[in-house]
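**Student:** For reference, the file final13.csv (CSV, C-alpha atoms) is included below:
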```csv
chain,number,residue,atom,x,y,z
A,191,MET,CA,42.8,90.6,22.0
A,192,ILE,CA,45.3,88.4,23.7
A,193,VAL,CA,47.8,90.5,25.6
A,194,CYS,CA,50.0,87.9,27.1
A,195,VAL,CA,50.8,84.2,27.0
A,196,ALA,CA,53.0,82.3,29.3
A,197,VAL,CA,54.4,78.8,29.7
A,198,VAL,CA,55.2,77.8,33.3
A,199,GLY,CA,57.0,74.6,34.2
A,200,HIS,CA,56.0,72.1,36.8
A,201,GLN,CA,57.9,73.7,39.6
A,202,ASN,CA,56.3,77.0,38.7
A,203,ASN,CA,59.4,78.2,36.9
A,204,PRO,CA,58.7,80.4,33.9
A,205,LEU,CA,59.6,78.8,30.6
A,206,TYR,CA,58.3,81.3,28.2
A,207,LEU,CA,56.7,84.7,28.6
A,208,GLN,CA,55.5,86.8,25.8
A,209,SER,CA,53.3,89.9,25.9
A,210,PHE,CA,51.6,91.4,22.8
A,211,THR,CA,51.0,95.0,23.8
A,212,GLU,CA,53.2,97.9,23.1
A,213,ALA,CA,52.3,99.5,26.4
A,214,ASP,CA,54.7,99.4,29.3
A,215,ASP,CA,52.5,97.4,31.6
A,216,ALA,CA,54.3,94.2,30.7
A,217,LEU,CA,55.3,93.9,34.3
A,218,LYS,CA,51.7,94.0,35.4
A,219,LEU,CA,50.9,91.2,33.0
A,220,HIS,CA,53.7,89.1,34.4
A,221,HIS,CA,52.3,89.8,37.8
A,222,ILE,CA,48.9,88.7,36.8
A,223,VAL,CA,50.3,85.5,35.3
A,224,HIS,CA,52.2,84.8,38.6
A,225,CYS,CA,49.0,85.2,40.6
A,226,SER,CA,47.1,82.9,38.4
A,227,LEU,CA,49.5,80.1,39.3
A,228,ASP,CA,48.1,80.1,42.7
A,229,VAL,CA,44.6,79.7,41.3
A,230,ILE,CA,45.8,76.7,39.3
A,231,ASP,CA,47.4,75.0,42.2
A,232,GLU,CA,44.2,75.5,44.2
A,233,ARG,CA,42.2,74.0,41.4
A,234,VAL,CA,44.5,71.0,40.9
A,235,ASN,CA,44.9,70.1,44.6
A,236,ASN,CA,41.3,70.6,45.8
A,237,PRO,CA,39.0,69.2,43.2
A,238,LYS,CA,35.6,70.4,44.0
A,239,ARG,CA,34.0,68.3,41.3
A,240,SER,CA,34.1,64.5,40.8
A,241,ALA,CA,36.2,62.4,38.5
A,242,PRO,CA,35.1,63.4,35.0
A,243,THR,CA,36.4,67.0,35.3
A,244,LEU,CA,39.4,66.0,37.4
A,245,ASN,CA,41.6,65.1,34.5
A,246,GLU,CA,40.6,67.8,32.2
A,247,THR,CA,43.5,69.7,30.7
A,248,PHE,CA,41.6,72.9,29.9
A,249,LEU,CA,41.1,74.7,33.2
A,250,GLY,CA,38.9,77.4,31.9
A,251,LEU,CA,38.6,80.9,33.2
A,252,LEU,CA,40.9,81.2,36.2
A,253,TYR,CA,39.9,84.5,37.4
A,254,PRO,CA,38.7,87.8,36.0
A,255,THR,CA,40.5,91.0,37.0
A,256,GLU,CA,39.3,94.5,36.2
A,257,ASN,CA,39.8,94.4,32.5
A,258,TYR,CA,41.6,91.1,31.9
A,259,LYS,CA,40.5,87.5,31.8
A,260,VAL,CA,43.0,84.8,32.5
A,261,TYR,CA,42.6,81.3,31.1
A,262,GLY,CA,44.6,78.3,32.1
A,263,TYR,CA,45.6,74.9,30.6
A,264,LEU,CA,47.5,72.1,32.3
A,265,THR,CA,49.4,69.5,30.4
A,266,ASN,CA,50.1,66.0,31.5
A,267,THR,CA,53.6,66.9,32.7
A,268,LYS,CA,52.2,69.7,35.0
A,269,VAL,CA,53.4,72.3,32.6
A,270,LYS,CA,50.9,75.2,32.6
A,271,PHE,CA,49.9,77.5,29.8
A,272,ILE,CA,48.4,80.9,30.8
A,273,MET,CA,46.6,83.2,28.5
A,274,VAL,CA,45.6,86.8,29.4
A,275,THR,CA,43.0,88.4,27.2
A,276,THR,CA,41.1,91.7,27.1
A,277,ASP,CA,38.2,90.3,25.2
A,278,LEU,CA,34.9,90.5,27.1
A,279,ASP,CA,33.2,87.6,25.5
A,280,VAL,CA,35.5,84.7,24.8
A,281,LYS,CA,33.8,81.6,23.7
A,282,ASP,CA,34.8,78.4,25.4
A,283,ALA,CA,35.5,76.7,22.1
A,284,ASP,CA,37.8,79.5,21.0
A,285,ALA,CA,39.9,79.3,24.1
A,286,ARG,CA,40.1,75.5,23.8
A,287,ASN,CA,41.1,75.8,20.2
A,288,PHE,CA,43.8,78.3,21.1
A,289,PHE,CA,45.3,76.1,23.7
A,290,ARG,CA,45.2,73.1,21.4
A,291,LYS,CA,47.3,74.9,18.9
A,292,PHE,CA,49.5,76.3,21.6
A,293,HIS,CA,50.0,72.8,22.9
A,294,ALA,CA,51.0,71.6,19.5
A,295,ALA,CA,53.6,74.4,19.2
A,296,TYR,CA,54.9,73.6,22.7
A,297,VAL,CA,55.3,69.9,21.9
A,298,ASP,CA,57.2,70.7,18.8
A,299,ALA,CA,59.5,73.1,20.7
A,300,VAL,CA,60.1,70.5,23.5
A,301,SER,CA,60.9,67.7,21.0
A,302,ASN,CA,63.9,69.6,19.9
A,303,PRO,CA,66.8,67.5,21.1
A,304,PHE,CA,68.8,70.6,22.0
A,305,HIS,CA,66.1,71.9,24.3
A,306,VAL,CA,66.9,71.2,27.9
A,307,PRO,CA,63.8,70.4,29.8
A,308,GLY,CA,63.3,72.9,32.6
A,309,LYS,CA,65.2,75.7,30.8
A,310,LYS,CA,63.6,78.5,29.0
A,311,ILE,CA,62.3,77.8,25.5
A,312,ALA,CA,64.8,79.6,23.2
A,313,SER,CA,63.4,78.6,19.9
A,314,ARG,CA,62.7,81.6,17.6
A,315,SER,CA,60.3,79.7,15.5
A,316,PHE,CA,58.3,78.8,18.6
A,317,GLY,CA,57.9,82.5,19.2
A,318,VAL,CA,56.8,83.0,15.6
A,319,ARG,CA,54.2,80.3,15.8
A,320,VAL,CA,52.9,81.6,19.0
A,321,SER,CA,52.5,85.0,17.5
A,322,THR,CA,50.6,83.5,14.5
A,323,ILE,CA,48.3,81.6,16.8
A,324,VAL,CA,47.7,84.7,18.9
A,325,LYS,CA,46.9,86.8,15.9
A,326,SER,CA,44.4,84.3,14.5
A,327,PHE,CA,42.7,84.0,17.9
A,328,GLY,CA,41.5,87.6,17.6
A,329,SER,CA,39.9,87.1,14.2
A,330,GLY,CA,37.3,84.7,15.5
A,331,THR,CA,36.1,81.3,14.7
A,332,THR,CA,38.2,80.4,11.6
A,333,GLY,CA,41.4,80.4,13.7
B,225,MET,CA,47.2,67.6,13.3
B,226,ILE,CA,50.6,68.9,13.9
B,227,GLY,CA,52.4,70.1,10.8
B,228,VAL,CA,49.7,69.5,8.3
B,229,GLY,CA,49.2,72.3,5.8
B,230,LYS,CA,52.5,73.9,6.5
B,231,ALA,CA,54.3,74.4,3.2
B,232,LYS,CA,57.0,76.9,4.2
B,233,GLN,CA,60.6,76.1,4.4
B,234,TYR,CA,62.3,76.1,7.8
B,235,ALA,CA,65.8,77.5,8.1
B,236,ASN,CA,66.7,75.0,10.7
B,237,VAL,CA,65.6,71.4,10.3
B,238,LEU,CA,65.3,71.2,14.1
B,239,ASP,CA,62.5,73.8,14.0
B,240,LYS,CA,60.3,71.8,11.6
B,241,PRO,CA,57.1,70.7,13.2
B,242,LEU,CA,56.7,67.0,13.8
B,243,SER,CA,54.4,65.3,11.3
B,244,ARG,CA,52.8,62.0,11.8
B,245,GLY,CA,55.2,60.6,9.3
B,246,ARG,CA,55.0,57.3,7.6
B,247,GLN,CA,54.9,55.4,10.9
B,248,GLU,CA,57.9,53.5,9.8
B,249,VAL,CA,61.5,53.9,10.7
B,250,SER,CA,64.3,51.7,9.3
B,251,LEU,CA,65.2,49.1,11.9
B,252,SER,CA,68.7,48.8,10.7
B,253,ALA,CA,69.2,52.5,10.9
B,254,PHE,CA,68.1,52.5,14.5
B,255,ALA,CA,70.2,49.4,15.3
B,256,PHE,CA,73.3,51.0,13.9
B,257,LEU,CA,72.6,54.3,15.8
B,258,PHE,CA,71.9,52.5,19.0
B,259,SER,CA,75.0,50.4,18.7
B,260,GLU,CA,77.0,53.5,18.2
B,261,LEU,CA,75.4,55.1,21.3
B,262,VAL,CA,76.4,52.1,23.4
B,263,GLN,CA,79.9,52.0,22.0
B,264,TYR,CA,80.4,55.7,22.5
B,265,ASN,CA,79.3,55.4,26.1
B,266,GLN,CA,81.5,52.4,26.7
B,267,THR,CA,84.6,54.4,25.9
B,268,GLN,CA,83.6,57.1,28.3
B,269,VAL,CA,83.0,55.1,31.4
B,270,ASP,CA,85.0,52.8,33.7
B,271,ASN,CA,82.4,50.4,35.0
B,272,ILE,CA,79.1,48.8,34.1
B,273,ALA,CA,77.0,50.7,36.5
B,274,GLU,CA,78.1,54.0,35.0
B,275,LEU,CA,77.3,52.7,31.5
B,276,GLU,CA,73.8,51.7,32.6
B,277,ARG,CA,73.3,55.1,34.1
B,278,ARG,CA,74.3,56.8,30.9
B,279,LEU,CA,72.0,54.7,28.8
B,280,GLU,CA,69.2,55.4,31.3
B,281,ASP,CA,69.9,59.2,31.1
B,282,ALA,CA,69.7,59.0,27.3
B,283,GLY,CA,66.4,57.2,27.6
B,284,TYR,CA,65.1,59.7,30.1
B,285,ALA,CA,65.3,62.5,27.7
B,286,VAL,CA,63.4,60.5,25.1
B,287,GLY,CA,60.7,59.6,27.7
B,288,ALA,CA,60.1,63.2,28.7
B,289,ARG,CA,59.5,64.2,25.1
B,290,VAL,CA,57.5,61.1,24.2
B,291,LEU,CA,55.1,61.8,27.1
B,292,GLU,CA,54.4,65.4,25.9
B,293,LEU,CA,54.0,64.3,22.3
B,294,LEU,CA,51.7,61.4,23.0
B,295,CYS,CA,49.6,63.2,25.5
B,296,HIS,CA,48.9,65.8,23.0
B,297,ARG,CA,48.4,63.5,20.0
B,298,GLU,CA,46.6,60.6,21.4
B,299,LYS,CA,45.0,61.5,24.7
B,300,GLY,CA,43.3,64.7,23.8
B,301,ASN,CA,42.1,66.4,26.9
B,302,ARG,CA,42.7,63.9,29.6
B,303,ARG,CA,45.5,63.9,32.1
B,304,GLU,CA,46.5,60.7,33.8
B,305,THR,CA,46.3,61.0,37.5
B,306,ARG,CA,45.9,57.3,38.4
B,307,LEU,CA,48.8,54.9,38.8
B,308,LEU,CA,47.2,52.1,36.8
B,309,GLY,CA,46.2,54.6,34.2
B,310,ILE,CA,49.7,55.8,33.6
B,311,LEU,CA,51.1,52.3,33.6
B,312,SER,CA,48.6,51.0,31.0
B,313,PHE,CA,49.4,54.1,29.0
B,314,ILE,CA,53.1,53.1,28.9
B,315,HIS,CA,52.3,49.5,28.3
B,316,SER,CA,50.1,50.1,25.3
B,317,THR,CA,50.4,53.6,23.8
B,318,VAL,CA,54.0,54.3,24.4
B,319,TRP,CA,55.1,50.9,23.4
B,320,LYS,CA,53.0,51.0,20.3
B,321,VAL,CA,54.4,54.2,19.2
B,322,LEU,CA,58.0,53.4,20.0
B,323,PHE,CA,58.2,49.7,19.1
B,324,GLY,CA,55.1,49.1,16.9
B,325,LYS,CA,53.4,46.7,19.2
B,326,VAL,CA,52.1,46.7,22.8
B,327,ALA,CA,54.3,45.3,25.5
B,328,ASP,CA,53.9,41.6,26.3
B,329,SER,CA,52.6,41.9,29.8
B,330,LEU,CA,52.2,44.2,32.7
B,331,GLU,CA,52.3,42.6,36.1
B,332,LYS,CA,52.1,43.7,39.7
B,333,GLY,CA,54.9,42.6,41.9
B,334,THR,CA,54.1,40.1,44.6
B,335,GLU,CA,56.6,40.9,47.2
B,336,HIS,CA,56.1,44.7,47.4
B,337,GLU,CA,53.1,46.9,47.0
B,338,ASP,CA,54.8,49.4,44.9
B,339,GLU,CA,56.5,47.2,42.3
B,340,TYR,CA,55.3,46.6,38.8
B,341,MET,CA,56.9,44.8,35.9
B,342,ILE,CA,56.6,45.2,32.2
B,343,SER,CA,57.8,42.1,30.4
B,344,GLU,CA,58.9,41.6,26.8
B,345,LYS,CA,60.0,38.4,25.1
B,346,GLU,CA,62.7,40.4,23.3
B,347,LEU,CA,63.2,44.1,23.5
B,348,LEU,CA,63.6,45.7,20.1
B,349,VAL,CA,66.7,47.5,21.2
B,350,ASN,CA,68.3,44.2,22.2
B,351,ARG,CA,67.5,42.4,19.0
B,352,PHE,CA,71.0,42.7,17.5
B,353,ILE,CA,73.0,42.9,20.8
B,354,SER,CA,74.5,40.0,22.7
B,355,VAL,CA,76.2,41.0,25.9
B,356,PRO,CA,79.6,39.4,26.6
B,357,LYS,CA,79.9,37.2,29.7
B,358,ASP,CA,82.4,39.5,31.4
B,359,MET,CA,79.8,42.2,31.6
B,360,GLY,CA,77.7,40.3,33.9
B,361,ALA,CA,74.1,41.3,34.2
B,362,PHE,CA,74.3,44.4,32.0
B,363,ASN,CA,71.3,44.9,29.9
B,364,CYS,CA,71.0,47.5,27.1
B,365,GLY,CA,67.4,47.6,27.9
B,366,ALA,CA,68.6,50.2,30.4
B,367,PHE,CA,67.8,52.6,27.6
B,368,VAL,CA,64.2,51.5,27.6
B,369,ALA,CA,64.1,51.6,31.4
B,370,GLY,CA,65.3,55.2,31.0
B,371,ILE,CA,62.4,56.0,28.6
B,372,VAL,CA,59.9,54.6,31.1
B,373,LYS,CA,61.5,56.5,33.9
B,374,GLY,CA,61.3,59.7,31.9
B,375,VAL,CA,57.6,59.2,31.2
B,376,LEU,CA,56.8,58.4,34.9
B,377,ASP,CA,58.8,61.2,36.4
B,378,ASN,CA,57.4,63.8,34.1
B,379,ALA,CA,53.8,62.6,34.7
B,380,GLY,CA,54.3,63.1,38.4
B,381,PHE,CA,55.0,59.5,39.5
B,382,PRO,CA,58.7,59.3,40.4
B,383,ALA,CA,60.1,55.8,40.3
B,384,VAL,CA,63.2,53.8,40.0
B,385,VAL,CA,63.2,51.8,36.8
B,386,THR,CA,65.6,49.0,35.9
B,387,ALA,CA,65.9,46.3,33.2
B,388,HIS,CA,66.6,42.7,34.0
B,389,PHE,CA,67.0,39.5,32.1
B,390,VAL,CA,64.8,36.7,33.3
B,391,PRO,CA,65.8,33.3,32.0
B,392,ILE,CA,62.8,31.2,31.0
B,393,GLU,CA,62.9,27.5,30.5
B,394,GLY,CA,62.5,26.3,27.0
B,395,GLN,CA,63.7,29.5,25.5
B,396,GLN,CA,67.3,30.2,24.4
B,397,ARG,CA,67.2,33.9,25.0
B,398,PRO,CA,66.0,35.2,28.3
B,399,ARG,CA,63.0,37.5,28.6
B,400,THR,CA,63.5,41.1,29.6
B,401,THR,CA,61.6,42.6,32.4
B,402,ILE,CA,61.4,46.3,33.2
B,403,LEU,CA,61.0,46.6,36.9
B,404,ILE,CA,59.3,49.8,38.2
B,405,LYS,CA,59.6,50.6,41.8
B,406,PHE,CA,57.7,53.7,42.8
B,407,ALA,CA,59.0,56.3,45.2
B,408,GLU,CA,57.7,57.1,48.7
B,409,GLU,CA,55.5,60.0,47.8
B,410,VAL,CA,53.7,57.9,45.1
B,411,LYS,CA,53.2,55.2,47.7
B,412,GLN,CA,51.5,57.6,50.1
B,413,VAL,CA,49.2,59.0,47.5
B,414,CYS,CA,48.2,55.9,45.6
B,415,PHE,CA,48.6,53.0,47.9
B,416,VAL,CA,46.8,54.1,51.1
```
Take the structure from the file and write it as structure tokens.

**Tutor:**
Amino acid sequence: MIVCVAVVGHQNNPLYLQSFTEADDALKLHHIVHCSLDVIDERVNNPKRSAPTLNETFLGLLYPTENYKVYGYLTNTKVKFIMVTTDLDVKDADARNFFRKFHAAYVDAVSNPFHVPGKKIASRSFGVRVSTIVKSFGSGTTG
Amino acid sequence: MIGVGKAKQYANVLDKPLSRGRQEVSLSAFAFLFSELVQYNQTQVDNIAELERRLEDAGYAVGARVLELLCHREKGNRRETRLLGILSFIHSTVWKVLFGKVADSLEKGTEHEDEYMISEKELLVNRFISVPKDMGAFNCGAFVAGIVKGVLDNAGFPAVVTAHFVPIEGQQRPRTTILIKFAEEVKQVCFV
């Protein structure tokens, strides 16, 4: 179950933050997203592996907390997508698939000529598409 | 693929997902639109430099979006971190998508380490434009220079990009060269 997705700009400014739980720990989720930005920066600036994985957009599991897992994805414009989930066994392919669809929705939102790059994403239909993608993530492989 | 399989109606046409489309846009429609863009900006400014800057700003917005779109569509999972990589990406992929063909040539500048040039016999945007003599060295290719600048800036390679006419012997119309001069921080990272 995905509890939170976030889009963070290249100066670590939040562009879109959406949580999918009714509980009031939304603030905690935002905090988790914020901490994961540090992990991403570390990964990007100190590559511990050689060239083939250096340019990968999907960053994988960033760090596990007590009951959440945080996945990251970095686009070519240094815009980061963060996904927080409570699932215990998330298949790599599922996460990649999710981010691929999320990237498509993001590209569509940014191509809007009235969207100012660097400002928050204000498109309602982007929110609707993200909710659809998030819902279909939980149901498994068909996505 | 973006937009495939979606049959629902969108209330706002701006919210429709981008489809691949027919890969063809009417050249005359674009030429008219671009000429209006240039004319509109001309009434708003007092001097040539300002006009060039405005066209560049218009192109910058296009470049930012084109980068996002193409990286998602064409490049799959790879990010460009090398200078030569991003330049060849612009020279082939971006040019192909925007103008239907790859750019004529990509050269490295001889005088300075950090200068590169993309040359084109005739820029598509300049096809129906002739610049009057009293405007000096103004080139509507500033729009294309803005696009390149948008792509480079958002990919993490800040640069100053300008468009110039280069007269070539034996040809009536001069060639257009887009000159890319990278900023300090890129020099330190990529040029040791």

**Student:** With distances taken over all atoms listed in the file, which residue among B:Tyr340, B:Lys345, B:Val413, B:Lys373 lies nearest Val326 of chain B?

**Tutor:**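 So, comparing all the options, the nearest one is B:Lys345.
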
**Student:** Within 7 Å of chain A, which residues of chain B are there when counting all atoms listed in the file? Please give them as a PyMOL selection string.

**Tutor:** chain B and resi 226+238-239+241-242+289+292-293+295+301-305+378-380

**Student:** Rank nothing, just name the residue among A:Thr275, A:Asn202, A:Gln208, A:Ser226 nearest to Arg319 of chain A, using all atoms listed in the file.

**Tutor:**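 Counting all atoms listed in the file, the residue closest to Arg319 of chain A is A:Gln208.
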
**Student:** Give the answer as one residue: which of B:Thr334, B:Thr317, B:Thr386, B:Ser329 has the shortest atom-to-atom distance to Phe367 of chain B, using all atoms listed in the file?

**Tutor:** B:Thr386

**Student:** Could you tell me how far atom CA of Met273 of chain A lies from atom CA of Lys259 of chain A, in Å and to one decimal?

**Tutor:** 8.2 Å

**Student:** Taking 4 positions as the minimum chain separation for residues in the same chain, which residues sit within 6 Å of Val197 of chain A when counting all atoms listed in the file? Answer as a list in words.

**Tutor:**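 Using all atoms listed in the file, the neighbours found are Leu205, Tyr206, Lys270 and Phe271 of chain A.
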
**Student:** Using C-alpha atoms, can you write the selected residues to a file as a compact mmCIF listing (two decimals), in the coordinates of the input?

**Tutor:**
```
# COMPACT_ATOMS: atom_id res chain seq x y z
CA LEU A 205 59.60 78.80 30.60
CA TYR A 206 58.30 81.30 28.20
CA LYS A 270 50.90 75.20 32.60
CA PHE A 271 49.90 77.50 29.80
```

**Student:** When you draw a straight line from atom CA of Thr211 of chain A to atom CA of Lys309 of chain A, how long is it in Å?

**Tutor:**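 Value for the atom CA of Thr211 of chain A-atom CA of Lys309 of chain A distance: 25.0 Å.
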
**Student:** To one decimal place in Å, what is the distance between atom CA of Ile314 of chain B and atom CA of Gly250 of chain A?

**Tutor:**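 So the two atoms, atom CA of Ile314 of chain B and atom CA of Gly250 of chain A, lie 28.3 Å apart.
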
**Student:** May I have the residues within 10 Å of Val385 of chain B as an NGL selection string, using only C-alpha atoms and disregarding those fewer than 5 positions away in the same chain?

**Tutor:** :B and (280 or 339-341 or 366 or 368-374 or 376 or 402-406)
